[in-house]
$ cat final_18.cif   # mmCIF, C-alpha atoms
data_query
loop_
_atom_site.label_atom_id
_atom_site.label_comp_id
_atom_site.auth_asym_id
_atom_site.auth_seq_id
_atom_site.Cartn_x
_atom_site.Cartn_y
_atom_site.Cartn_z
CA MET A 1 0.00 0.00 0.00
CA SER A 2 1.00 3.55 -0.50
CA ASN A 3 2.44 5.68 2.23
CA PRO A 4 -0.42 6.68 4.57
CA ALA A 5 0.99 10.19 4.82
CA LYS A 6 -0.14 10.72 1.26
CA LYS A 7 -3.78 10.50 2.22
CA ILE A 8 -4.48 13.64 4.12
CA ILE A 9 -7.70 15.22 2.86
CA PRO A 10 -11.03 14.09 4.41
CA ALA A 11 -13.04 11.89 2.07
CA GLY A 12 -16.24 13.88 2.62
CA HIS A 13 -14.63 17.01 1.23
CA ILE A 14 -13.22 15.21 -1.80
CA TYR A 15 -16.61 13.65 -2.47
CA MET A 16 -18.32 17.05 -2.42
CA LYS A 17 -15.67 18.48 -4.71
CA GLU A 18 -16.25 15.69 -7.21
CA ASN A 19 -19.99 16.28 -7.13
CA VAL A 20 -19.60 20.00 -7.73
CA LEU A 21 -17.20 19.46 -10.60
CA SER A 22 -19.09 16.64 -12.32
CA LYS A 23 -22.76 17.49 -11.63
CA SER A 24 -22.52 21.15 -10.55
CA ASN A 25 -24.36 20.38 -7.34
CA LEU A 26 -23.39 19.38 -3.84
CA THR A 27 -24.75 15.88 -3.52
CA GLY A 28 -24.24 14.32 -6.95
CA ILE A 29 -27.96 13.65 -7.37
CA SER A 30 -29.05 14.05 -10.98
CA GLU A 31 -32.65 14.99 -10.20
CA SER A 32 -33.79 18.34 -11.55
CA LYS A 33 -32.97 21.15 -9.17
CA ALA A 34 -35.65 23.50 -10.47
CA LEU A 35 -38.68 21.37 -9.51
CA TRP A 36 -39.73 23.81 -6.80
CA ALA A 37 -40.04 26.62 -9.36
CA LYS A 38 -42.18 24.84 -11.92
CA ASP A 39 -45.48 26.52 -10.94
CA LEU A 40 -44.01 29.94 -10.27
CA GLY A 41 -43.45 31.02 -13.87
CA LEU A 42 -40.09 32.63 -13.24
CA ALA A 43 -38.47 34.25 -16.27
CA GLN A 44 -34.96 33.22 -17.23
CA LYS A 45 -33.99 36.84 -17.80
CA ALA A 46 -34.78 39.69 -15.42
CA GLU A 47 -33.16 42.67 -13.80
CA TYR A 48 -32.62 40.75 -10.57
CA MET A 49 -31.58 37.13 -10.86
CA PHE A 50 -32.53 34.88 -7.97
CA PHE A 51 -29.72 32.54 -6.96
CA ALA A 52 -31.33 29.62 -5.16
CA GLY A 53 -28.13 27.70 -4.39
CA CYS A 54 -27.63 24.03 -3.57
CA GLY A 55 -28.43 24.50 0.11
CA TYR A 56 -32.20 24.70 0.08
CA GLN A 57 -32.63 22.99 -3.30
CA GLN A 58 -30.80 19.92 -2.14
CA MET A 59 -30.99 20.03 1.62
CA LYS A 60 -33.02 16.86 1.82
CA TYR A 61 -30.28 15.11 -0.09
CA VAL A 62 -27.54 16.71 1.99
CA GLU A 63 -29.02 15.01 5.04
CA GLY A 64 -28.98 11.76 3.09
CA MET A 65 -25.45 12.37 1.91
CA MET A 66 -24.19 12.88 5.46
CA GLY A 67 -25.98 9.67 6.41
CA ALA A 68 -24.39 7.89 3.45
CA LEU A 69 -20.93 9.10 4.41
CA LYS A 70 -21.51 7.93 7.97
CA SER A 71 -22.90 4.58 6.87
CA ALA A 72 -19.88 4.09 4.64
CA GLY A 73 -18.10 3.78 7.99
CA LYS A 74 -14.39 4.11 7.98
CA TRP A 75 -14.40 4.76 4.26
CA GLY A 76 -16.72 7.72 4.52
CA MET A 77 -14.98 9.23 7.49
CA SER A 78 -11.47 8.39 6.44
CA ILE A 79 -8.99 10.54 4.67
CA GLY A 80 -8.52 9.94 0.99
CA LYS A 81 -6.45 10.79 -2.01
CA VAL A 82 -7.33 13.98 -3.77
CA ALA A 83 -7.74 12.22 -7.09
CA GLY A 84 -10.83 10.03 -7.34
CA ILE A 85 -12.65 9.20 -4.14
CA SER A 86 -15.73 7.78 -5.89
CA LYS A 87 -13.48 5.15 -7.44
CA VAL A 88 -12.27 4.11 -4.01
CA PHE A 89 -15.84 3.86 -2.75
CA GLY A 90 -16.73 1.93 -5.91
CA LYS A 91 -13.93 -0.56 -5.31
CA VAL A 92 -15.25 -1.53 -1.88
CA GLY A 93 -18.78 -1.72 -3.25
CA ILE A 94 -20.14 1.58 -1.92
CA ASP A 95 -22.22 3.73 -4.24
CA LEU A 96 -22.68 6.88 -2.24
CA THR A 97 -25.12 8.53 -4.64
CA SER A 98 -27.56 5.66 -4.49
CA ILE A 99 -27.27 5.42 -0.70
CA THR A 100 -27.94 9.15 -0.55
CA ALA A 101 -31.05 8.74 -2.69
CA ARG A 102 -32.23 5.76 -0.66
CA ILE A 103 -31.85 7.47 2.72
CA THR A 104 -33.59 10.53 1.33
CA ALA A 105 -36.54 8.76 -0.26
CA SER A 106 -38.39 8.29 3.01
CA LYS A 107 -37.97 11.85 4.21
CA GLU A 108 -40.27 14.77 3.56
CA ASP A 109 -38.65 18.00 2.54
CA PRO A 110 -39.15 21.14 4.66
CA TYR A 111 -36.49 23.09 2.80
CA THR A 112 -37.70 23.71 -0.76
CA PRO A 113 -40.78 25.63 0.55
CA VAL A 114 -38.28 28.25 1.71
CA LEU A 115 -37.39 28.85 -1.94
CA VAL A 116 -41.03 29.30 -2.90
CA SER A 117 -41.50 31.59 0.10
CA SER A 118 -38.58 33.79 -0.92
CA VAL A 119 -40.05 34.30 -4.39
CA ASN A 120 -43.46 34.99 -2.79
CA VAL A 121 -41.99 37.52 -0.36
CA LEU A 122 -40.12 39.32 -3.11
CA ARG A 123 -43.26 39.42 -5.25
CA LYS A 124 -45.36 40.73 -2.38
CA LEU A 125 -42.79 43.48 -2.00
CA GLY A 126 -43.15 44.29 -5.68
CA LEU A 127 -39.96 42.74 -7.02
CA ASP A 128 -40.15 40.16 -9.77
CA VAL A 129 -37.02 38.07 -10.03
CA GLY A 130 -35.62 35.80 -12.70
CA TYR A 131 -34.25 32.32 -12.10
CA MET A 132 -31.83 30.30 -14.20
CA HIS A 133 -33.67 27.01 -13.62
CA GLU A 134 -31.53 24.00 -14.56
CA GLU A 135 -28.69 26.18 -15.78
CA GLU A 136 -28.00 27.62 -12.34
CA PRO A 137 -24.50 26.49 -11.39
CA CYS A 138 -23.25 25.52 -7.96
CA CYS A 139 -21.19 28.38 -6.51
CA GLY A 140 -18.50 25.89 -5.50
CA SER A 141 -17.83 27.35 -2.06
CA PRO A 142 -17.46 23.95 -0.37
CA MET A 143 -14.31 23.57 -2.44
CA HIS A 144 -13.05 26.88 -1.11
CA TYR A 145 -13.57 25.83 2.49
CA ALA A 146 -11.96 22.45 1.87
CA GLY A 147 -8.88 24.11 0.37
CA PHE A 148 -9.26 23.11 -3.30
CA GLU A 149 -8.23 26.57 -4.39
CA SER A 150 -7.33 26.03 -8.05
CA ASP A 151 -10.48 23.95 -8.71
CA TYR A 152 -12.51 26.68 -7.07
CA ALA A 153 -10.89 29.44 -9.14
CA ASP A 154 -11.57 27.52 -12.38
CA HIS A 155 -15.14 26.84 -11.31
CA ALA A 156 -15.71 30.51 -10.48
CA LYS A 157 -14.44 31.55 -13.92
CA LYS A 158 -16.71 29.02 -15.61
CA ASN A 159 -19.70 30.24 -13.60
CA CYS A 160 -18.90 33.80 -14.53
CA GLU A 161 -19.16 32.85 -18.21
CA ILE A 162 -22.56 31.25 -17.56
CA PHE A 163 -23.77 34.39 -15.80
CA LYS A 164 -22.50 36.49 -18.69
CA SER A 165 -24.33 34.36 -21.26
CA TYR A 166 -27.56 35.02 -19.33
CA GLY A 167 -26.82 38.73 -19.15
CA VAL A 168 -26.95 38.69 -15.36
CA ARG A 169 -26.22 42.10 -13.82
CA LYS A 170 -27.70 41.78 -10.33
CA ILE A 171 -28.04 38.69 -8.18
CA ILE A 172 -30.21 38.13 -5.13
CA GLY A 173 -28.78 35.27 -3.13
CA LEU A 174 -30.60 33.18 -0.57
CA VAL A 175 -28.10 30.71 0.89
CA PRO A 176 -25.66 32.73 3.01
CA GLY A 177 -22.67 30.64 1.95
CA CYS A 178 -23.38 31.04 -1.76
CA THR A 179 -24.06 34.74 -1.40
CA SER A 180 -20.85 35.43 0.45
CA ALA A 181 -18.94 33.36 -2.13
CA LEU A 182 -20.47 35.33 -5.00
CA LYS A 183 -20.07 38.66 -3.25
CA ASN A 184 -16.73 38.38 -1.49
CA ALA A 185 -14.77 35.55 -3.08
CA TYR A 186 -15.60 35.73 -6.80
CA PRO A 187 -14.15 39.25 -7.30
CA GLN A 188 -10.85 37.91 -5.98
CA TYR A 189 -10.76 35.00 -8.41
CA VAL A 190 -12.37 36.41 -11.51
CA SER A 191 -10.90 39.59 -12.91
CA GLY A 192 -13.53 42.07 -14.01
CA PHE A 193 -16.34 40.44 -12.00
CA ASP A 194 -18.89 43.26 -11.87
CA ILE A 195 -22.16 41.57 -10.94
CA GLU A 196 -23.95 43.24 -8.03
CA VAL A 197 -24.71 40.65 -5.36
CA HIS A 198 -27.23 41.19 -2.57
CA HIS A 199 -28.56 38.89 0.09
CA ILE A 200 -32.34 38.56 0.12
CA LEU A 201 -32.56 39.97 3.68
CA GLU A 202 -30.85 43.18 2.57
CA ILE A 203 -33.44 43.66 -0.17
CA ILE A 204 -36.36 42.81 2.11
CA ALA A 205 -35.18 45.09 4.95
CA LYS A 206 -34.68 47.94 2.49
CA SER A 207 -38.08 47.68 0.88
CA LEU A 208 -39.85 47.21 4.23
CA LYS A 209 -38.32 50.52 5.26
CA GLU A 210 -39.45 52.29 2.11
CA LYS A 211 -42.97 50.89 1.97
CA THR A 212 -45.61 50.78 4.65
CA ILE A 213 -46.60 47.16 4.64
CA LYS A 214 -48.44 45.58 7.49
CA LEU A 215 -46.90 42.41 8.80
CA LYS A 216 -48.79 40.31 11.25
CA ALA A 217 -47.92 36.94 12.71
CA LYS A 218 -50.64 34.27 12.82
CA LYS A 219 -50.46 34.14 16.59
CA ARG A 220 -48.44 35.86 19.29
CA VAL A 221 -45.09 34.21 19.59
CA LYS A 222 -41.74 34.65 21.32
CA VAL A 223 -38.89 34.13 18.90
CA VAL A 224 -35.14 34.01 19.14
CA TYR A 225 -32.94 34.67 16.13
CA HIS A 226 -29.89 32.53 15.48
CA ASP A 227 -27.24 34.38 13.47
CA PRO A 228 -25.71 32.10 10.84
CA CYS A 229 -21.92 32.62 10.72
CA GLN A 230 -21.98 33.41 7.05
CA LEU A 231 -24.57 36.15 7.51
CA SER A 232 -23.25 37.83 10.62
CA ARG A 233 -19.53 37.59 10.07
CA TYR A 234 -19.05 37.10 6.34
CA LEU A 235 -21.81 39.40 5.06
CA GLN A 236 -22.24 41.63 8.14
CA LEU A 237 -26.03 41.28 8.06
CA ILE A 238 -26.86 41.61 11.73
CA ASP A 239 -29.39 44.43 12.03
CA GLU A 240 -31.41 43.60 8.91
CA PRO A 241 -32.94 40.31 10.10
CA ARG A 242 -33.71 41.88 13.50
CA GLN A 243 -35.37 44.86 11.82
CA ILE A 244 -37.50 42.49 9.81
CA ILE A 245 -38.51 40.41 12.83
CA LYS A 246 -39.32 43.52 14.91
CA SER A 247 -41.55 44.91 12.15
CA ILE A 248 -43.85 41.88 12.41
CA GLU A 249 -46.80 42.53 14.68
CA GLY A 250 -47.36 40.03 17.49
CA VAL A 251 -43.77 38.86 17.58
CA GLU A 252 -41.53 39.34 20.56
CA LEU A 253 -37.83 39.05 19.78
CA ILE A 254 -35.76 37.65 22.62
CA GLU A 255 -32.01 37.97 22.32
CA PRO A 256 -29.50 35.46 23.62
CA ASP A 257 -26.54 36.59 25.72
CA PRO A 258 -24.61 39.45 24.00
CA GLU A 259 -21.60 37.14 23.75
CA GLN A 260 -23.70 34.67 21.73
CA ARG A 261 -25.40 36.88 19.19
CA GLY A 262 -24.69 39.11 16.24
CA LYS A 263 -21.00 39.41 15.54
CA TRP A 264 -20.27 36.98 18.37
CA SER A 265 -22.97 34.44 17.60
CA THR A 266 -21.97 30.89 18.45
CA CYS A 267 -21.57 28.42 15.62
CA CYS A 268 -24.19 25.68 15.27
CA GLY A 269 -21.55 23.22 14.10
CA GLY A 270 -23.51 22.18 11.02
CA GLY A 271 -22.44 22.13 7.40
CA GLY A 272 -19.10 20.75 6.32
CA LEU A 273 -17.99 19.74 9.80
CA GLU A 274 -20.68 17.08 9.89
CA ALA A 275 -19.01 15.31 6.99
CA THR A 276 -15.64 15.11 8.68
CA HIS A 277 -16.21 15.27 12.44
CA PRO A 278 -19.81 14.15 13.09
CA GLU A 279 -19.41 13.73 16.86
CA LEU A 280 -17.79 17.10 17.36
CA SER A 281 -20.50 18.65 15.21
CA GLU A 282 -23.15 17.11 17.45
CA ARG A 283 -21.54 18.42 20.61
CA ILE A 284 -21.30 21.95 19.22
CA GLY A 285 -24.88 21.76 17.96
CA THR A 286 -26.22 20.62 21.33
CA LYS A 287 -24.41 23.48 23.03
CA ARG A 288 -25.90 26.04 20.67
CA ALA A 289 -29.36 24.45 20.92
CA ARG A 290 -29.19 24.74 24.72
CA GLU A 291 -28.22 28.41 24.48
CA LEU A 292 -31.18 29.15 22.23
CA VAL A 293 -33.72 27.07 24.16
CA SER A 294 -32.67 28.64 27.50
CA THR A 295 -33.80 32.08 26.27
CA GLY A 296 -37.39 30.89 26.76
CA ALA A 297 -38.47 31.51 23.18
CA SER A 298 -40.86 29.06 21.57
CA LEU A 299 -39.57 29.51 18.03
CA VAL A 300 -36.04 29.68 16.67
CA LEU A 301 -35.66 31.66 13.47
CA SER A 302 -32.62 31.39 11.26
CA ASN A 303 -31.83 31.84 7.64
CA CYS A 304 -29.29 29.26 6.57
CA PRO A 305 -30.02 25.72 5.36
CA ALA A 306 -27.17 24.22 7.35
CA CYS A 307 -28.20 26.01 10.57
CA ASP A 308 -31.88 25.14 10.07
CA LEU A 309 -31.06 21.48 9.64
CA GLN A 310 -28.56 21.27 12.48
CA LEU A 311 -30.63 23.23 15.02
CA ALA A 312 -33.84 21.36 14.24
CA LYS A 313 -32.02 18.08 14.78
CA MET A 314 -30.28 19.13 17.98
CA ILE A 315 -33.29 20.85 19.60
CA LYS A 316 -35.36 17.76 18.92
CA ARG A 317 -32.74 15.74 20.73
CA LEU A 318 -33.04 17.99 23.79
CA ASP A 319 -36.69 16.90 24.11
CA SER A 320 -37.75 20.51 23.87
CA ASN A 321 -40.91 21.66 22.15
CA VAL A 322 -39.18 24.66 20.63
CA SER A 323 -39.49 24.58 16.86
CA VAL A 324 -37.13 25.85 14.20
CA MET A 325 -38.30 27.79 11.16
CA ASP A 326 -36.65 29.66 8.39
CA LEU A 327 -37.04 33.43 8.71
CA ILE A 328 -38.17 33.73 5.10
CA ARG A 329 -40.98 31.23 5.59
CA PHE A 330 -42.11 32.97 8.74
CA LEU A 331 -42.08 36.30 6.89
CA ASP A 332 -44.08 34.86 4.01
CA GLU A 333 -46.79 33.79 6.43
CA ALA A 334 -46.78 37.20 8.14
CA LEU A 335 -47.05 39.08 4.86
CA ASN A 336 -50.54 37.95 3.99
CA MET B 337 1.61 21.92 -8.18
CA ASN B 338 4.94 23.63 -8.40
CA GLU B 339 7.49 24.31 -5.73
CA THR B 340 7.21 28.12 -5.75
CA ASP B 341 3.45 27.96 -5.12
CA LEU B 342 4.00 25.84 -2.05
CA LYS B 343 6.81 28.05 -0.83
CA SER B 344 4.80 31.25 -1.17
CA LEU B 345 1.86 29.65 0.63
CA GLU B 346 4.21 28.52 3.40
CA LYS B 347 5.47 32.06 3.74
CA GLU B 348 1.98 33.55 3.85
CA ILE B 349 0.94 31.13 6.60
CA THR B 350 4.03 31.52 8.77
CA ASP B 351 3.94 35.32 8.33
CA SER B 352 0.39 35.44 9.60
CA VAL B 353 1.24 33.26 12.57
CA GLN B 354 4.19 35.57 13.22
CA ARG B 355 1.71 38.43 13.64
CA CYS B 356 -0.17 36.50 16.33
CA TRP B 357 0.14 37.94 19.86
CA LYS B 358 -0.32 34.54 21.47
CA CYS B 359 -3.12 35.99 23.62
CA ARG B 360 -5.24 32.86 23.04
CA MET B 361 -8.47 34.86 23.00
CA CYS B 362 -9.30 32.97 19.80
CA ALA B 363 -9.27 29.67 21.67
CA ALA B 364 -11.93 31.01 24.03
CA MET B 365 -14.01 32.02 21.00
CA CYS B 366 -13.62 28.76 19.11
CA PRO B 367 -16.74 26.56 19.12
CA THR B 368 -14.69 23.39 18.75
CA TYR B 369 -12.48 24.10 21.78
CA GLU B 370 -13.10 21.49 24.46
CA GLY B 371 -9.93 21.67 26.47
CA TRP B 372 -7.31 20.56 23.96
CA LEU B 373 -5.51 23.52 22.44
CA THR B 374 -5.08 21.69 19.14
CA GLN B 375 -8.86 21.70 18.84
CA SER B 376 -8.92 25.49 18.76
CA THR B 377 -7.77 28.30 16.53
CA ALA B 378 -4.57 28.94 18.44
CA GLY B 379 -3.62 25.26 18.35
CA ARG B 380 -4.34 24.97 14.64
CA LEU B 381 -2.08 27.92 13.88
CA MET B 382 0.59 26.51 16.15
CA ALA B 383 0.41 23.08 14.53
CA ILE B 384 0.70 24.29 10.94
CA ASN B 385 3.48 26.68 11.92
CA LEU B 386 5.49 23.95 13.62
CA TYR B 387 4.96 21.61 10.70
CA ILE B 388 6.14 24.13 8.13
CA LYS B 389 9.04 25.50 10.12
CA HIS B 390 10.32 22.38 11.82
CA GLY B 391 8.53 19.45 10.21
CA LEU B 392 6.93 18.53 13.55
CA GLY B 393 3.84 16.34 13.66
CA SER B 394 2.34 13.98 11.10
CA LEU B 395 0.20 15.06 8.16
CA GLU B 396 -2.72 12.92 9.34
CA ASP B 397 -2.81 14.65 12.71
CA LEU B 398 -2.47 17.98 10.98
CA SER B 399 -5.37 17.10 8.69
CA ASP B 400 -7.55 16.23 11.68
CA ILE B 401 -6.56 19.44 13.46
CA LEU B 402 -7.18 21.71 10.49
CA TYR B 403 -10.36 20.10 9.16
CA SER B 404 -12.07 20.21 12.54
CA CYS B 405 -12.45 23.99 12.12
CA THR B 406 -16.00 25.07 11.33
CA THR B 407 -14.80 28.21 9.49
CA CYS B 408 -17.27 30.26 11.53
CA ARG B 409 -14.80 33.16 11.84
CA ARG B 410 -15.70 33.93 15.43
CA CYS B 411 -11.99 33.92 16.29
CA GLN B 412 -11.22 36.33 13.51
CA GLU B 413 -13.74 38.87 14.80
CA ARG B 414 -12.13 38.69 18.23
CA CYS B 415 -8.67 38.96 16.70
CA LYS B 416 -9.66 41.98 14.61
CA ALA B 417 -11.30 43.61 17.64
CA LEU B 418 -7.93 43.38 19.36
CA SER B 419 -6.53 45.08 16.24
CA THR B 420 -4.05 42.41 15.30
CA ASP B 421 -3.89 41.49 11.64
CA CYS B 422 -3.24 37.80 12.05
CA MET B 423 -6.54 36.79 10.35
CA PRO B 424 -6.64 33.34 12.01
CA ALA B 425 -9.64 31.96 10.12
CA ASP B 426 -8.24 32.95 6.74
CA THR B 427 -4.91 31.46 7.75
CA ILE B 428 -6.56 28.14 8.61
CA LEU B 429 -8.15 28.12 5.14
CA LYS B 430 -4.72 28.81 3.66
CA ALA B 431 -3.33 25.95 5.69
CA ARG B 432 -6.00 23.69 4.18
CA GLN B 433 -4.99 24.87 0.72
CA TYR B 434 -1.45 24.02 1.68
CA LEU B 435 -2.46 20.49 2.69
CA VAL B 436 -4.33 20.00 -0.60
CA LYS B 437 -1.39 21.27 -2.64
CA LEU B 438 1.00 19.10 -0.68
CA SER B 439 -1.05 15.95 -1.21
CA GLU B 440 -1.60 16.76 -4.89
CA ALA B 441 2.15 17.20 -5.31
CA LYS B 442 2.78 13.89 -3.57
CA GLU B 443 0.24 12.02 -5.66
CA GLU B 444 1.61 13.49 -8.87
CA GLY B 445 5.13 12.54 -7.80
CA LYS B 446 4.05 8.93 -7.24
CA HIS B 447 2.88 8.50 -10.83
CA GLU B 448 6.14 9.62 -12.36
#
$ encode --input "final_18.cif" --output "structure tokens"
Amino acid sequence: MSNPAKKIIPAGHIYMKENVLSKSNLTGISESKALWAKDLGLAQKAEYMFFAGCGYQQMKYVEGMMGALKSAGKWGMSIGKVAGISKVFGKVGIDLTSITARITASKEDPYTPVLVSSVNVLRKLGLDVGYMHEEEPCCGSPMHYAGFESDYADHAKKNCEIFKSYGVRKIIGLVPGCTSALKNAYPQYVSGFDIEVHHILEIIAKSLKEKTIKLKAKKRVKVVYHDPCQLSRYLQLIDEPRQIIKSIEGVELIEPDPEQRGKWSTCCGGGGLEATHPELSERIGTKRARELVSTGASLVLSNCPACDLQLAKMIKRLDSNVSVMDLIRFLDEALN
Amino acid sequence: MNETDLKSLEKEITDSVQRCWKCRMCAAMCPTYEGWLTQSTAGRLMAINLYIKHGLGSLEDLSDILYSCTTCRRCQERCKALSTDCMPADTILKARQYLVKLSEAKEEGKHE
């Protein structure tokens, strides 16, 4: 066998890189990603292009993928060679994509409604967005966080060409990770990248300020807002979500300890860490879930697919009746 | 991957660690810190620095240490608030790039 020192990159990361490069999505599933948008009649060209991102579109599969990596045991959690991890899995008789699909099949999907909600919210605020449907690429940020810098740079350049061919000038992102990749990282890798990128919360907060729209929650509720790392520290969107929540009638916003919110918000431990260090990720998640539950709120709002998934899982494990909801979905319901 | 790329990455990483004040406030901020310094920002920076400068530690351990970071950047906010320009979270990402480049170079070398 080869020198073990040569295998140093976690298999989960290599697997995700291969999926992004070969299928332009996170999980390697070939199913159409635009199914959620089929009844919405979104144009392929518009002033503002909606960037849905893999997160919400594929979250149900991401859960399956993490399960598949875990069920692949030492192969899934091991460290592999950079070149060709699927081959290695294939050799020992593990087909991760089919395991992912199998684990997913039995699960309902609470994440794609968030996409529909975001389009609804934007429409209710008078903004019609376009969507690239099947042609929407994966932003590739998992490769960035795993350290595959040259693959990421190439991928960013390729995506830029796709955006250009669609005449995209302004993008509204939904997944925090994708948005921060498009906004902060792409200009560093692609020379002459001049697409304006906004996060959906920025747009919503701005137009709620300009217009007098009445927002009312279905019933009185105490909520706590969990700041996703990518929103609070990568995109500096801390006041916007709070403004939005405070403008909803019948909602009381409870804040966690100052050392655990906003710029200092504690990490939920979800996302990529789950693929490499599942136990550590659970411990971090439980800690964060406890912090949020101890505020006494009955609803946790967040706006990141990884946080939503992780917090929902961990709060459930605490035997607490606190529920987790995406801020956009909550807003959609309040906007009626 | 060529030699100069690796060398310049090495320099970037060790330079950033050089700017660290060793105050360890980042460790207190790190969500993965559970008592072992190597499971925190400070330890990660120390480990990659010692590996590059003195060849200490094995690559597998280094991989475990570096890939256990959640890239939440909480440490970096604390570091910036103390007005150091060490950029710990960005440095950890650079260290991951370094690991990838190193393993790519090794795998390429094996085929020749």
$ atom_distance --input "final_18.cif" --atom1 "atom CA of Leu327 of chain A" --atom2 "atom CA of Leu301 of chain A"
5.3 Å
$ closest_atom_pairs --input "final_18.cif" --of "chain B" --to "chain A" --cutoff "9 Å" --atoms "all atoms listed in the file" --output "JSON lines"
{"residue": "B:Met365", "atom": "CA", "partner": "A:Trp264", "partner_atom": "CA", "distance": 8.4}
{"residue": "B:Cys366", "atom": "CA", "partner": "A:Thr266", "partner_atom": "CA", "distance": 8.6}
{"residue": "B:Pro367", "atom": "CA", "partner": "A:Cys267", "partner_atom": "CA", "distance": 6.2}
{"residue": "B:Thr368", "atom": "CA", "partner": "A:Ile284", "partner_atom": "CA", "distance": 6.8}
{"residue": "B:Ser394", "atom": "CA", "partner": "A:Ala5", "partner_atom": "CA", "distance": 7.5}
{"residue": "B:Leu395", "atom": "CA", "partner": "A:Ala5", "partner_atom": "CA", "distance": 6.0}
{"residue": "B:Glu396", "atom": "CA", "partner": "A:Ile8", "partner_atom": "CA", "distance": 5.6}
{"residue": "B:Asp397", "atom": "CA", "partner": "A:Ile8", "partner_atom": "CA", "distance": 8.8}
{"residue": "B:Leu398", "atom": "CA", "partner": "A:Ile8", "partner_atom": "CA", "distance": 8.4}
{"residue": "B:Ser399", "atom": "CA", "partner": "A:Ile8", "partner_atom": "CA", "distance": 5.8}
{"residue": "B:Asp400", "atom": "CA", "partner": "A:Pro10", "partner_atom": "CA", "distance": 8.3}
{"residue": "B:Tyr403", "atom": "CA", "partner": "A:Thr276", "partner_atom": "CA", "distance": 7.3}
{"residue": "B:Ser404", "atom": "CA", "partner": "A:His277", "partner_atom": "CA", "distance": 6.4}
{"residue": "B:Cys405", "atom": "CA", "partner": "A:Leu273", "partner_atom": "CA", "distance": 7.4}
{"residue": "B:Thr406", "atom": "CA", "partner": "A:Leu273", "partner_atom": "CA", "distance": 5.9}
{"residue": "B:Thr407", "atom": "CA", "partner": "A:Tyr145", "partner_atom": "CA", "distance": 7.5}
{"residue": "B:Cys408", "atom": "CA", "partner": "A:Cys229", "partner_atom": "CA", "distance": 5.3}
{"residue": "B:Arg409", "atom": "CA", "partner": "A:Arg233", "partner_atom": "CA", "distance": 6.7}
{"residue": "B:Arg410", "atom": "CA", "partner": "A:Trp264", "partner_atom": "CA", "distance": 6.2}
{"residue": "B:Glu413", "atom": "CA", "partner": "A:Lys263", "partner_atom": "CA", "distance": 7.3}
{"residue": "B:Arg414", "atom": "CA", "partner": "A:Trp264", "partner_atom": "CA", "distance": 8.3}
{"residue": "B:Leu429", "atom": "CA", "partner": "A:Gly147", "partner_atom": "CA", "distance": 6.3}
{"residue": "B:Lys430", "atom": "CA", "partner": "A:Gly147", "partner_atom": "CA", "distance": 7.1}
{"residue": "B:Ala431", "atom": "CA", "partner": "A:Gly147", "partner_atom": "CA", "distance": 7.9}
{"residue": "B:Arg432", "atom": "CA", "partner": "A:Gly147", "partner_atom": "CA", "distance": 4.8}
{"residue": "B:Gln433", "atom": "CA", "partner": "A:Gly147", "partner_atom": "CA", "distance": 4.0}
{"residue": "B:Tyr434", "atom": "CA", "partner": "A:Gly147", "partner_atom": "CA", "distance": 7.5}
{"residue": "B:Leu435", "atom": "CA", "partner": "A:Ile8", "partner_atom": "CA", "distance": 7.3}
{"residue": "B:Val436", "atom": "CA", "partner": "A:Gly147", "partner_atom": "CA", "distance": 6.2}
{"residue": "B:Lys437", "atom": "CA", "partner": "A:Phe148", "partner_atom": "CA", "distance": 8.1}
{"residue": "B:Leu438", "atom": "CA", "partner": "A:Lys6", "partner_atom": "CA", "distance": 8.7}
{"residue": "B:Ser439", "atom": "CA", "partner": "A:Lys6", "partner_atom": "CA", "distance": 5.9}
{"residue": "B:Glu440", "atom": "CA", "partner": "A:Val82", "partner_atom": "CA", "distance": 6.5}
{"residue": "B:Lys442", "atom": "CA", "partner": "A:Lys6", "partner_atom": "CA", "distance": 6.5}
{"residue": "B:Glu443", "atom": "CA", "partner": "A:Lys6", "partner_atom": "CA", "distance": 7.1}
$ resolve_selection --input "final_18.cif" --expression "the PyMOL selection byres ((chain A and resi 63) around 10)" --output "PDB file with C-alpha atoms, keeping the file's coordinate frame"
ATOM      1  CA  THR A  27     -24.750  15.880  -3.520  1.00  0.00           C
ATOM      2  CA  GLN A  58     -30.800  19.920  -2.140  1.00  0.00           C
ATOM      3  CA  MET A  59     -30.990  20.030   1.620  1.00  0.00           C
ATOM      4  CA  LYS A  60     -33.020  16.860   1.820  1.00  0.00           C
ATOM      5  CA  TYR A  61     -30.280  15.110  -0.090  1.00  0.00           C
ATOM      6  CA  VAL A  62     -27.540  16.710   1.990  1.00  0.00           C
ATOM      7  CA  GLY A  64     -28.980  11.760   3.090  1.00  0.00           C
ATOM      8  CA  MET A  65     -25.450  12.370   1.910  1.00  0.00           C
ATOM      9  CA  MET A  66     -24.190  12.880   5.460  1.00  0.00           C
ATOM     10  CA  GLY A  67     -25.980   9.670   6.410  1.00  0.00           C
ATOM     11  CA  ALA A  68     -24.390   7.890   3.450  1.00  0.00           C
ATOM     12  CA  THR A 100     -27.940   9.150  -0.550  1.00  0.00           C
ATOM     13  CA  ILE A 103     -31.850   7.470   2.720  1.00  0.00           C
ATOM     14  CA  THR A 104     -33.590  10.530   1.330  1.00  0.00           C
ATOM     15  CA  LYS A 107     -37.970  11.850   4.210  1.00  0.00           C
ATOM     16  CA  GLY A 271     -22.440  22.130   7.400  1.00  0.00           C
ATOM     17  CA  GLU A 274     -20.680  17.080   9.890  1.00  0.00           C
ATOM     18  CA  ALA A 306     -27.170  24.220   7.350  1.00  0.00           C
ATOM     19  CA  LEU A 309     -31.060  21.480   9.640  1.00  0.00           C
ATOM     20  CA  GLN A 310     -28.560  21.270  12.480  1.00  0.00           C
TER      21      GLN A 310
END
